[in-house]
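**Student:** Here it is: the structure, laid out below.
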Amino acid sequence: MKARVFITLKNGVLDPQGKAIGHALNGLGFGSVGEVRQGKVIDLELSGSDAEAAKADLKAMCEKLLANTVIEKYEIELKG
Amino acid sequence: MKARVFITLKNGVLDPQGKAIGHALNGLGFGSVGEVRQGKVIDLELSGSDAEAAKADLKAMCEKLLANTVIEKYEIELKG
Amino acid sequence: MTKITPALVKEHGLSDAEYKKILGLMGREPSFVELGIFSVMWSEHCSYKSTRFHLKKLPTKAPWVIQGPGENAGVIDIGDGDACIFKMESHNHPSFIEPYQGAATGVGGIMRDVFTMGARPIAMMNALRFGEPSHPKTRHLVNGVVHGIGGYGNCMGVPTVGGEVNFHRSYNGNILVNAMCVGLARQDKIFLSAAKGAGNPVVYIGSKTGRDGIHGATMASAEFDDASEEKRPTVQVGDPFTEKLLLEACLELMATDAIIAIQDMGAAGLTSSSAEMGDKGGSGIELDLDHVPQREANMTAYEMMLSESQERMLAVLKPGREAQAEAIFKKWELDFAVIGITTDTSRLVVKHKGEVVADMPITALSDEAPVYERPYTERAPVTGAPAYDKSKPVLASLKTILASPDMASRRWVWEQYDHTVMADTVQVPGGDAAVVRVHGTNKALAITTDVSPRYCRPDPFEGGKQAVAEAWRNLTAVGALPLAVTDNLNYGNPQKPEIMWEIVAGIDGIGAACRALDFPVIGGNCSLYNETNGEGILPTPAIGAVGLMQDVSKMATVAFKRAGDVVIVIGETRGHLGQSIYLREIEGREEGASPPVDLAVERKNGDFVRGLIEAGRVDTVHDCSDGGLLVAIAEMALPRGIGASVGLAGLPDAIPFWFGEDQARYVIATPFAEAEKIVAEARAAGITVAELGKTGGDLVTLDDKNSIAVAELKAGFEGWFPKFMAGEEIPVTN
Amino acid sequence: MKSAVIVFPAANCDRDAKTALTQMTGKEPHMVWHQDSELPDVDLVVLPGGFSYGDYLRCGAMANQSSIMGAIKAHADKGGAVLGICNGFQVLTEAGLLPGALMRNAGLKFLCKPVGLTVEETQSSFTRKYDKGQEIHIPIAHGEGNYYADEETLDRLEGEGRVVFRYTDNPNGSARDIAGILNEKRNVLGLMPHPERVVDDALGGTDGRAIFQSLIEALS
Ligand SMILES: Nc1ncnc2c1ncn2[C@@H]1O[C@H](COP(=O)(O)OP(=O)(O)O)[C@@H](O)[C@H]1O
Ligand SMILES: [Mg+2]
């Protein structure tokens with residue numbers, strides 16, 4: 001199985017990196033760009049075939065290590 | 001419109017971060033985790049409503065700034 | 001089996017004559033793997049085929065030299081059983097293609113060269129050349145390179161203590177990234193790369209092998225054209241975390257007596273490390289690639305032999321010590337594998353999946369590698385003193401010069417490098433030389449890198465001399481005794497006779513200066529073919545150098561420290577404006593003769609100044625080089641905002657006096673009583689000396705007439721770099 | 001005072017911490033490997049600066065998973081002193097021993113330079129030898145020292161006198177100029193600047209000494 005985990009900053013947490021990217025894109029002439037936020041994407045190969053178990057595992061991985069829930073939130077996507 | 005851009009390392013390019021994350025997850029007892037790759041996700045707000053134009057713009061942004069095409073590839077997702 | 005066609009041979013960068021020689025050495029057609037091995041080992045990068053003949057002319061010996069050129073790095077004796085190990089190396093082409101990773105892996109590579117010899121790295125330097133600031137790529141390259149150097153060096157926990165940054169249009173399509181690493185070891189714990197003896201296990205340590213940078217070594221030896229940006233091979237990505245583990249694990253293994261030989265896998269990875277170790281040990285090496293830790297599926301023998309994956313080492317152990325070594329590497333969570341054995345055949349034999357894919361005499365890769373005495377066309381050096389506009393106001397020019405790209409403060413750069421980690425940096429970037437204490441002692445090493453490329457095109461010989469003299473002067477200016485040099489010779493295409501002349505004359509100039517100053521060359525690196533679309537860079541023979549201070553408390557710095565000190569210039573000022581910063585920045589011309597260096601005077605003046613510092617009589621010294629005398633004085637005023645009032649009665653021409661770049665000069669500042677004595681002693685010793693004025697106030701005042709606020713000079717000096725980078729794109733980050 | 005320095009892979013200021021502790025206390029600290037699960041009998045545990053695990057994923061995140069962290073938490077629970085410097089501060093926030101998080105510097109660049117700090121609190125074993133309001137200079141060397149916590153947490157930190165050091169000229173965008181904070185029990189301090197780099201006159205300052213002197217006085 002393959003899984004993809006997104007880790008992004010919680011709303012309200014300032015994202016200097018995203019802001020800088022937005023600024024740079026505007027500077028390059030992409031005037032349509034409004035707010036920009038940057039996060040992480042983590043692609044994992046998982047052995048086993050039980051989707052529910054995998055989801056539970058992924059949630060535990062996020063809580064324990066992948067995300068810092070003081071500032072970040074996460075989404076999990078299983079790709080079969 | 002909202003768009004999401006994924007930037008990940010090209011196949012074959014060493015991903016030290018992904019490697020270290022996989023190692024740590026195994027160490028935490030998540031034995032089912034195989035290869036791990038880390039990338040970036042960039043969420044953008046776009047003004048305008050022409051999806052095709054937006055896609056073309058996003059592609060240009062990736063080529064020009066968001067991705068380092070020497071080692072990275074990108075995917076674009078429009079969320080209407 | 002891949003058929004060896006003329007096209008394939010050409011693709012491997014081998015000439016027809018070279019291929020004929022290979023056929024003769026092998027007595028048969030080489031296999032594809034063997035062709036690949038020849039191509040990297042006979043590349044300019046590994047074989048030094050264009051320069052080897054001339055490099056032999058460099059002086060490499062002195063009583064304090066423990067190891068000269070020929071090993072991974074040079075070694076000098078710094079007393080008390082301590083050794084200093086250092087080397088400088090280029091990563092020019094990779095950094096142009098991918099500035100962050102190119103510079104980062106350059107840092108990682110040179111660190112491995114130093115710790116593979118048993119040293120703990122204690123300081124890093126970098127000498128950088130970029131295109132003109134207005135070139136559309138420059139800012140992106142500066143940003144990427146600086147982040148890459150910091151990203152790798154900071155993570156390693158080794159302070160990056162200095163370097164150089166120049167801008168010139170000749171580097172528009174071909175930047176230079178030269179990194180230097182300085183390490184410390186005990187003299188009885190130095191490790192070499194000679195794989196002596198048969199039947200010893202060959203072990204692989206570090207990261208897994210991937211398809212990184214295959215043909216990087218051959219790429220580094222080929223000219224660029226605009227299309228090559230599309231044809232780029234897989235770029236190596238640096239993994240400083242793994243390198244830090246590798247460093248600690250290697251030092252731990254080195255504390256045992258299990259190692260016979262050890263060598264980093266740099267350019268041309270497994271191929272060059274195994275061939276070089278076998279060659280130096282006079283033995284053969286047999287590798288079984290099935291045991292090589294691999295990152296990707298289905299790697300071929302060709303790919304494994306040519307991969308440039310980073311953070312790897314090859315070692316030969318005493319038989320029976322494998323388990324002891326393995327335990328150490330497992331503790332540090334690194335890959336470890338026995339991949340071969342030494343033999344008595346003097347052949348490199350490579351097996352893969354039960355088949356012999358390469359079997360060749362090692363001497364064919366080393367001794368038999370081509371050496372060329374390439375033809376060169378001598379060119380008379382540019383001569384003459386350029387005209388200049390006498391009406392230009394001196395202080396306004398000073399302000400302009402201090403805020404110009406080559407002269408402005410590099411704080412923007414070095415604040416991104418951790419320069420105080422290891423808690424021994426006693427002189428931070430911004431002075432004449434960095435000074436790093438030998439941990440736990442009162443001794444210190446002074447470190448510098450120097451070259452003035454603008455002097456080297458008009459006069460490659462004097463330019464080479466000057467680079468060495470300036471390095472020697474910078475070490476002297478902090479109070480260190482200069483001990484040895486590592487060079488990094490960056491030039492254009494050696495197959496062009498006019499470029500080959502620049503190389504030959506440059507090496508001759510370096511050799512002359514090193515001989516006269518007792519300053520042996522203990523290592524180096526050549527980077528040739530630095531040109532784009534047929535246009536070569538300015539000849540840039542960068543000199544990295546190290547000196548020793550016995551008592552770090554005597555160290556001198558550039559900053560004026562007290563009001564009322566007498567400002568003295570040691571050395572003769574004739575007003576040499578040729579190729580000066582003044583002429584370029586104020587008059588917009590690069591003209592005239594490069595400043596000549598009188599090596600005897602250089603030595604005499606330097607020894608005199610060092611004597612004053614060592615005796616604790618002077619604590620404020622600045623060498624006088626780029627920009628000339630008034631620029632040196634201003635640079636001494638800037639750090640603490642202490643001004644000076646200077647002048648010289650009866651000056652016929654102010655501009656050449658204040659801005660000429662005559663060599664062998666130092667500015668010192670010291671209280672009156674001492675100053676009187678120093679002037680008298682200098683005169684008695686036949687050294688030209690002049691009192692210029694006094695420190696104090698917050699202005700720089702000329703001839704008691706015109707003044708400029710130090711704060712105003714400082715604003716321009718500190719402002720240029722951040723302003724230039726402000727149009728900055730987003731820093732490359734993880 | 002007996003002390004220990006935790007050795008995390010690539011937390012490269014462990015030697016500097018050892019040198020400073022040895023110089024200040026006259027006794028070498030225990031160097032404790034991250035995979036150990038017990039601490040020696042010590043009064044002070046130092047989590048040094050550096051780049052544990054290369055700062056991959058997030059600064060301090062992987063170090064927080066080390067076997068030794070359980071023992072460090074237990075030591076802190078019992079009231080033992082814990083000092084987290086730079087990367088060590090990041091580990092302590094990841095471990096929940098200190099509130100908030102350290103984010104990328106607002107200027108997006110790694111910065112190494114001396115910074116001005118005001119000592120806000122002297123009611124702690126870490127700062128009793130400073131004067132309240134004293135301005136000191138200590139170098140920073142970090143890319144992610146931008147302190148973040150929600151407003152409520154920040155108010156509480158201020159209200160309880162747990163903001164110990166504040167930048168005089170905020171270099172990284174930290175909320176309320178915070179450079180160092182205490183836990184509720186005031187026995188755990190995290191700070192971004194590197195006091196261990198300024199205990200030696202030759203290195204351009206000695207303003208870091210008082211932290212160690214305070215600890216010696218409080219814990220001996
Ligand atoms: N310009 C030079 N001057 C003196 N020695 C040099 C020069 N270039 C290379 N060398 C020496 O040749 C040897 C091989 O260099 P190199 O291939 O760069 O080593 P490595 O593969 O360890 O990086 C080294 O000992 C180096 O010091
Ligand atoms: Mg080497």
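By order of appearance in the structure tokens: chains A, B, ..., then residues from 1 within every chain, and ligands from 1 in the order shown.
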Distance limit 7 Å, atoms considered: only C-alpha atoms. Which chain B residues sit that close to chain C? Return them as a list in words.

**Tutor:**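 Taken together, these residues fit the definition: Gly12, Leu14, Pro16, Val70 and Ile71 of chain B.
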
**Student:** Could you save the residues just selected, with N, CA and C atoms, as a short mmCIF file (atom, residue, chain, number, x, y, z; two decimals), in the first residue's frame?

**Tutor:**
data_model
loop_
_atom_site.label_atom_id
_atom_site.label_comp_id
_atom_site.auth_asym_id
_atom_site.auth_seq_id
_atom_site.Cartn_x
_atom_site.Cartn_y
_atom_site.Cartn_z
N GLY B 12 15.18 8.39 -7.81
CA GLY B 12 16.62 8.17 -7.90
C GLY B 12 17.42 9.24 -7.19
N LEU B 14 18.60 11.10 -4.07
CA LEU B 14 18.68 10.76 -2.64
C LEU B 14 17.79 11.69 -1.83
N PRO B 16 17.59 12.35 1.92
CA PRO B 16 18.09 12.06 3.27
C PRO B 16 16.99 12.18 4.32
N VAL B 70 15.98 20.62 -11.37
CA VAL B 70 17.17 19.78 -11.50
C VAL B 70 16.98 18.50 -10.69
N ILE B 71 16.36 18.62 -9.55
CA ILE B 71 16.19 17.43 -8.71
C ILE B 71 14.74 17.15 -8.34
#

**Student:** Counting only C-alpha atoms, which residues from chain D have an atom at most 12 Å from any atom of chain B, and could you show them as a ChimeraX atom specification?

**Tutor:** /D:9,35,52-59,61-67

**Student:** How would the residues just chosen look if you wrote them out with C-alpha atoms as a short mmCIF file (atom, residue, chain, number, x, y, z; two decimals), in the first residue's frame?

**Tutor:**
data_model
loop_
_atom_site.label_atom_id
_atom_site.label_comp_id
_atom_site.auth_asym_id
_atom_site.auth_seq_id
_atom_site.Cartn_x
_atom_site.Cartn_y
_atom_site.Cartn_z
CA PRO D 9 23.49 11.97 16.82
CA GLN D 35 20.08 5.19 23.33
CA SER D 52 20.22 16.27 16.11
CA TYR D 53 19.20 13.95 13.27
CA GLY D 54 20.20 16.66 10.83
CA ASP D 55 17.13 18.67 11.86
CA TYR D 56 15.34 16.46 9.37
CA LEU D 57 11.53 16.43 9.51
CA ARG D 58 11.47 19.04 12.33
CA CYS D 59 14.16 20.29 14.67
CA ALA D 61 11.41 15.80 16.64
CA MET D 62 13.49 12.68 16.22
CA ALA D 63 15.70 13.31 19.23
CA ASN D 64 12.51 13.41 21.26
CA GLN D 65 11.96 9.75 20.35
CA SER D 66 15.28 8.65 21.90
CA SER D 67 15.31 6.09 24.70
#

**Student:** Residues of chain C that approach ligand 1 to 6 Å or less, counting only C-alpha atoms and all ligand atoms: could you list each one with the shortest pair of atoms and its distance in Å to one decimal, rows by chain and increasing residue number, as a tab-separated table?

**Tutor:**
residue	atom	partner	partner_atom_place_in_ligand_line	distance
C:Cys46	CA	ligand 1	17 (O)	5.0
C:Leu55	CA	ligand 1	3 (N)	5.8
C:Pro69	CA	ligand 1	25 (O)	4.0
C:Gly70	CA	ligand 1	25 (O)	3.3
C:Glu71	CA	ligand 1	25 (O)	4.0
C:Asn72	CA	ligand 1	22 (O)	3.8
C:Ala73	CA	ligand 1	27 (O)	5.7
C:Asp113	CA	ligand 1	22 (O)	5.6
C:Gly266	CA	ligand 1	21 (O)	5.8
C:Asp487	CA	ligand 1	1 (N)	5.4
C:Asn488	CA	ligand 1	1 (N)	5.7
C:Leu489	CA	ligand 1	1 (N)	5.5
C:Gly523	CA	ligand 1	27 (O)	3.1
C:Gly524	CA	ligand 1	7 (C)	3.4
C:Asn525	CA	ligand 1	8 (N)	3.3
C:Cys526	CA	ligand 1	8 (N)	4.9

**Student:** Export C-alpha atoms of the chosen residues as an mmCIF file, in the first residue's frame?

**Tutor:**
data_model
loop_
_atom_site.group_PDB
_atom_site.id
_atom_site.type_symbol
_atom_site.label_atom_id
_atom_site.label_comp_id
_atom_site.auth_asym_id
_atom_site.auth_seq_id
_atom_site.Cartn_x
_atom_site.Cartn_y
_atom_site.Cartn_z
ATOM 1 C CA CYS C 46 41.519 12.471 -11.509
ATOM 2 C CA LEU C 55 52.848 20.881 -10.544
ATOM 3 C CA PRO C 69 50.841 16.429 -2.043
ATOM 4 C CA GLY C 70 49.818 12.930 -3.021
ATOM 5 C CA GLU C 71 47.528 12.007 -0.165
ATOM 6 C CA ASN C 72 43.958 13.057 0.493
ATOM 7 C CA ALA C 73 45.270 16.145 2.278
ATOM 8 C CA ASP C 113 39.382 14.298 2.528
ATOM 9 C CA GLY C 266 35.097 11.330 -3.870
ATOM 10 C CA ASP C 487 46.158 25.632 -3.823
ATOM 11 C CA ASN C 488 43.066 25.474 -5.950
ATOM 12 C CA LEU C 489 43.977 26.248 -9.544
ATOM 13 C CA GLY C 523 48.213 19.844 -1.404
ATOM 14 C CA GLY C 524 45.940 21.246 -3.976
ATOM 15 C CA ASN C 525 43.369 20.782 -6.635
ATOM 16 C CA CYS C 526 43.038 21.786 -10.265
#

**Student:** Show me, as a list in words, the residues of chain B whose atoms get within 6 Å of chain A, using only C-alpha atoms for the distance check.

**Tutor:**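 Putting it all together, I get Ser32, Val33, Gly34, Glu35, Val36, Arg37, Gln38, Gly39, Lys40, Val41, Ile42, Asp43, Leu44, Glu45, Leu46 and Ser47 of chain B.
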
**Student:** Taking only C-alpha atoms into account, report as a PyMOL selection string which residues of chain D lie within 7 Å of chain C.

**Tutor:** chain D and resi 9-10+12-13+16+50-51+53-54+108-113+141+197+202-203

**Student:** Return as a list in words the residues of protein, DNA or RNA that approach ligand 2 to within 10 Å, with only C-alpha atoms and all ligand atoms taken into account.

**Tutor:**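 Going residue by residue within 10 Å of ligand 2, we get Gly70, Glu71, Asn72, Ala73, Lys87, Glu89, Gly109, Ile110, Met111, Arg112, Asp113, Val114, Phe115, Thr116, Met117, Ser193, Ile262, Gln263, Asp264, Met265, Gly266, Ala267, Gly269, Ser272, Ser273, Glu276 and Met313 of chain C.
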
**Student:** Any chance you could export the current selection's N, CA, C and O atoms as a compact mmCIF listing (two decimals), in the first residue's frame?

**Tutor:**
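Printed below is out.txt as written:
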# COMPACT_ATOMS: atom_id res chain seq x y z
N GLY C 70 49.83 14.34 -2.68
CA GLY C 70 49.82 12.93 -3.02
C GLY C 70 48.88 12.13 -2.14
O GLY C 70 48.47 11.04 -2.50
N GLU C 71 48.52 12.68 -1.00
CA GLU C 71 47.53 12.01 -0.16
C GLU C 71 46.22 12.80 -0.24
O GLU C 71 46.13 13.78 -0.96
N ASN C 72 45.24 12.37 0.53
CA ASN C 72 43.96 13.06 0.49
C ASN C 72 44.09 14.51 0.93
O ASN C 72 43.34 15.37 0.48
N ALA C 73 45.03 14.78 1.82
CA ALA C 73 45.27 16.14 2.28
C ALA C 73 46.70 16.23 2.77
O ALA C 73 47.34 15.20 3.01
N LYS C 87 43.23 20.91 3.25
CA LYS C 87 43.14 20.79 1.78
C LYS C 87 42.02 21.68 1.30
O LYS C 87 41.07 21.95 2.04
N GLU C 89 39.40 22.32 -2.20
CA GLU C 89 38.92 21.65 -3.41
C GLU C 89 37.77 22.42 -4.04
O GLU C 89 37.01 23.09 -3.35
N GLY C 109 32.59 16.88 0.66
CA GLY C 109 33.71 16.17 0.03
C GLY C 109 35.04 16.56 0.65
O GLY C 109 35.88 15.71 0.96
N ILE C 110 35.24 17.85 0.85
CA ILE C 110 36.55 18.27 1.37
C ILE C 110 36.69 17.89 2.84
O ILE C 110 37.78 17.58 3.32
N MET C 111 35.58 17.85 3.55
CA MET C 111 35.67 17.38 4.95
C MET C 111 36.12 15.93 4.98
O MET C 111 36.94 15.55 5.82
N ARG C 112 35.57 15.11 4.08
CA ARG C 112 35.97 13.69 4.08
C ARG C 112 37.45 13.53 3.77
O ARG C 112 38.13 12.69 4.33
N ASP C 113 37.95 14.37 2.84
CA ASP C 113 39.38 14.30 2.53
C ASP C 113 40.23 14.52 3.77
O ASP C 113 41.32 13.99 3.90
N VAL C 114 39.74 15.34 4.67
CA VAL C 114 40.52 15.67 5.86
C VAL C 114 40.30 14.64 6.98
O VAL C 114 41.24 14.18 7.61
N PHE C 115 39.04 14.22 7.18
CA PHE C 115 38.89 13.27 8.30
C PHE C 115 39.27 11.84 7.92
O PHE C 115 39.54 11.02 8.79
N THR C 116 39.36 11.57 6.62
CA THR C 116 39.84 10.24 6.22
C THR C 116 41.30 10.06 6.65
O THR C 116 41.79 8.95 6.73
N MET C 117 41.98 11.17 6.93
CA MET C 117 43.38 11.05 7.37
C MET C 117 43.51 11.02 8.88
O MET C 117 44.62 11.02 9.42
N SER C 193 46.42 6.23 2.60
CA SER C 193 45.54 5.46 1.72
C SER C 193 46.25 4.27 1.06
O SER C 193 45.68 3.67 0.17
N ILE C 262 42.74 3.90 4.53
CA ILE C 262 41.38 4.40 4.41
C ILE C 262 41.37 5.58 3.46
O ILE C 262 42.34 6.34 3.39
N GLN C 263 40.27 5.71 2.74
CA GLN C 263 40.21 6.75 1.70
C GLN C 263 38.75 7.06 1.46
O GLN C 263 37.91 6.16 1.43
N ASP C 264 38.44 8.36 1.31
CA ASP C 264 37.07 8.72 1.01
C ASP C 264 36.73 8.35 -0.42
O ASP C 264 37.62 8.24 -1.27
N MET C 265 35.46 8.18 -0.70
CA MET C 265 35.05 8.00 -2.09
C MET C 265 34.60 9.35 -2.60
O MET C 265 33.51 9.81 -2.28
N GLY C 266 35.45 10.01 -3.34
CA GLY C 266 35.10 11.33 -3.87
C GLY C 266 34.64 11.19 -5.30
O GLY C 266 33.83 10.33 -5.63
N ALA C 267 35.21 12.03 -6.17
CA ALA C 267 34.89 11.94 -7.59
C ALA C 267 35.24 10.52 -8.06
O ALA C 267 36.24 9.96 -7.64
N GLY C 269 34.00 7.82 -7.22
CA GLY C 269 33.72 6.92 -6.11
C GLY C 269 34.54 5.67 -5.94
O GLY C 269 35.72 5.73 -5.61
N SER C 272 37.93 5.30 -8.21
CA SER C 272 39.17 5.98 -7.89
C SER C 272 39.66 5.59 -6.51
O SER C 272 40.86 5.46 -6.29
N SER C 273 38.74 5.37 -5.57
CA SER C 273 39.24 5.02 -4.23
C SER C 273 39.94 3.67 -4.26
O SER C 273 41.02 3.51 -3.69
N GLU C 276 43.27 3.98 -6.39
CA GLU C 276 44.32 4.76 -5.72
C GLU C 276 44.90 4.01 -4.52
O GLU C 276 46.10 4.04 -4.27
N MET C 313 33.01 5.84 2.40
CA MET C 313 34.46 5.65 2.53
C MET C 313 34.80 4.20 2.22
O MET C 313 33.97 3.30 2.38

**Student:** Would you mind listing what lies within 12 Å of Leu651 of chain C as JSON, numbers by chain, with only C-alpha atoms counted and same-chain residues fewer than 4 positions away left out?

**Tutor:** {"C": [573, 574, 575, 647, 655, 656, 657, 658, 692, 702, 703]}

**Student:** For the residues selected in the previous step, produce a file with N, CA and C atoms as an mmCIF file, in the first residue's frame.

**Tutor:**
data_model
loop_
_atom_site.group_PDB
_atom_site.id
_atom_site.type_symbol
_atom_site.label_atom_id
_atom_site.label_comp_id
_atom_site.auth_asym_id
_atom_site.auth_seq_id
_atom_site.Cartn_x
_atom_site.Cartn_y
_atom_site.Cartn_z
ATOM 1 N N THR C 573 55.025 52.928 -0.427
ATOM 2 C CA THR C 573 53.872 53.286 -1.243
ATOM 3 C C THR C 573 54.339 54.092 -2.436
ATOM 4 N N ARG C 574 54.267 53.456 -3.616
ATOM 5 C CA ARG C 574 54.655 54.193 -4.826
ATOM 6 C C ARG C 574 53.435 54.704 -5.565
ATOM 7 N N GLY C 575 52.306 54.102 -5.262
ATOM 8 C CA GLY C 575 51.075 54.538 -5.912
ATOM 9 C C GLY C 575 50.759 53.745 -7.165
ATOM 10 N N GLY C 647 47.259 61.959 6.939
ATOM 11 C CA GLY C 647 47.730 62.779 5.836
ATOM 12 C C GLY C 647 49.233 62.618 5.720
ATOM 13 N N ILE C 655 45.745 60.662 -5.163
ATOM 14 C CA ILE C 655 44.980 59.469 -5.543
ATOM 15 C C ILE C 655 45.830 58.196 -5.578
ATOM 16 N N PRO C 656 46.944 58.193 -6.287
ATOM 17 C CA PRO C 656 47.739 56.957 -6.253
ATOM 18 C C PRO C 656 48.286 56.649 -4.857
ATOM 19 N N PHE C 657 48.559 57.658 -4.080
ATOM 20 C CA PHE C 657 49.065 57.388 -2.727
ATOM 21 C C PHE C 657 48.004 56.671 -1.896
ATOM 22 N N TRP C 658 46.790 57.172 -1.925
ATOM 23 C CA TRP C 658 45.769 56.596 -1.051
ATOM 24 C C TRP C 658 45.142 55.319 -1.612
ATOM 25 N N LEU C 692 51.298 58.353 9.565
ATOM 26 C CA LEU C 692 50.238 58.991 8.783
ATOM 27 C C LEU C 692 49.319 59.861 9.617
ATOM 28 N N LEU C 702 41.158 63.830 6.278
ATOM 29 C CA LEU C 702 42.316 63.793 5.391
ATOM 30 C C LEU C 702 43.018 65.142 5.433
ATOM 31 N N ASP C 703 44.309 65.159 5.698
ATOM 32 C CA ASP C 703 45.131 66.382 5.646
ATOM 33 C C ASP C 703 44.533 67.521 6.470
#

**Student:** Could you tell me, as a ChimeraX atom specification, which residues of segment 18-59 of chain B DSSP assigns to alpha helix (DSSP H) when given the backbone?

**Tutor:** /B:18-27,51-59

**Student:** To one decimal place in Å, what is the distance between atom CA of Ala385 of chain C and atom CA of Gly578 of chain C?

**Tutor:**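 According to the coordinates, atom CA of Ala385 of chain C and atom CA of Gly578 of chain C are separated by 5.7 Å.
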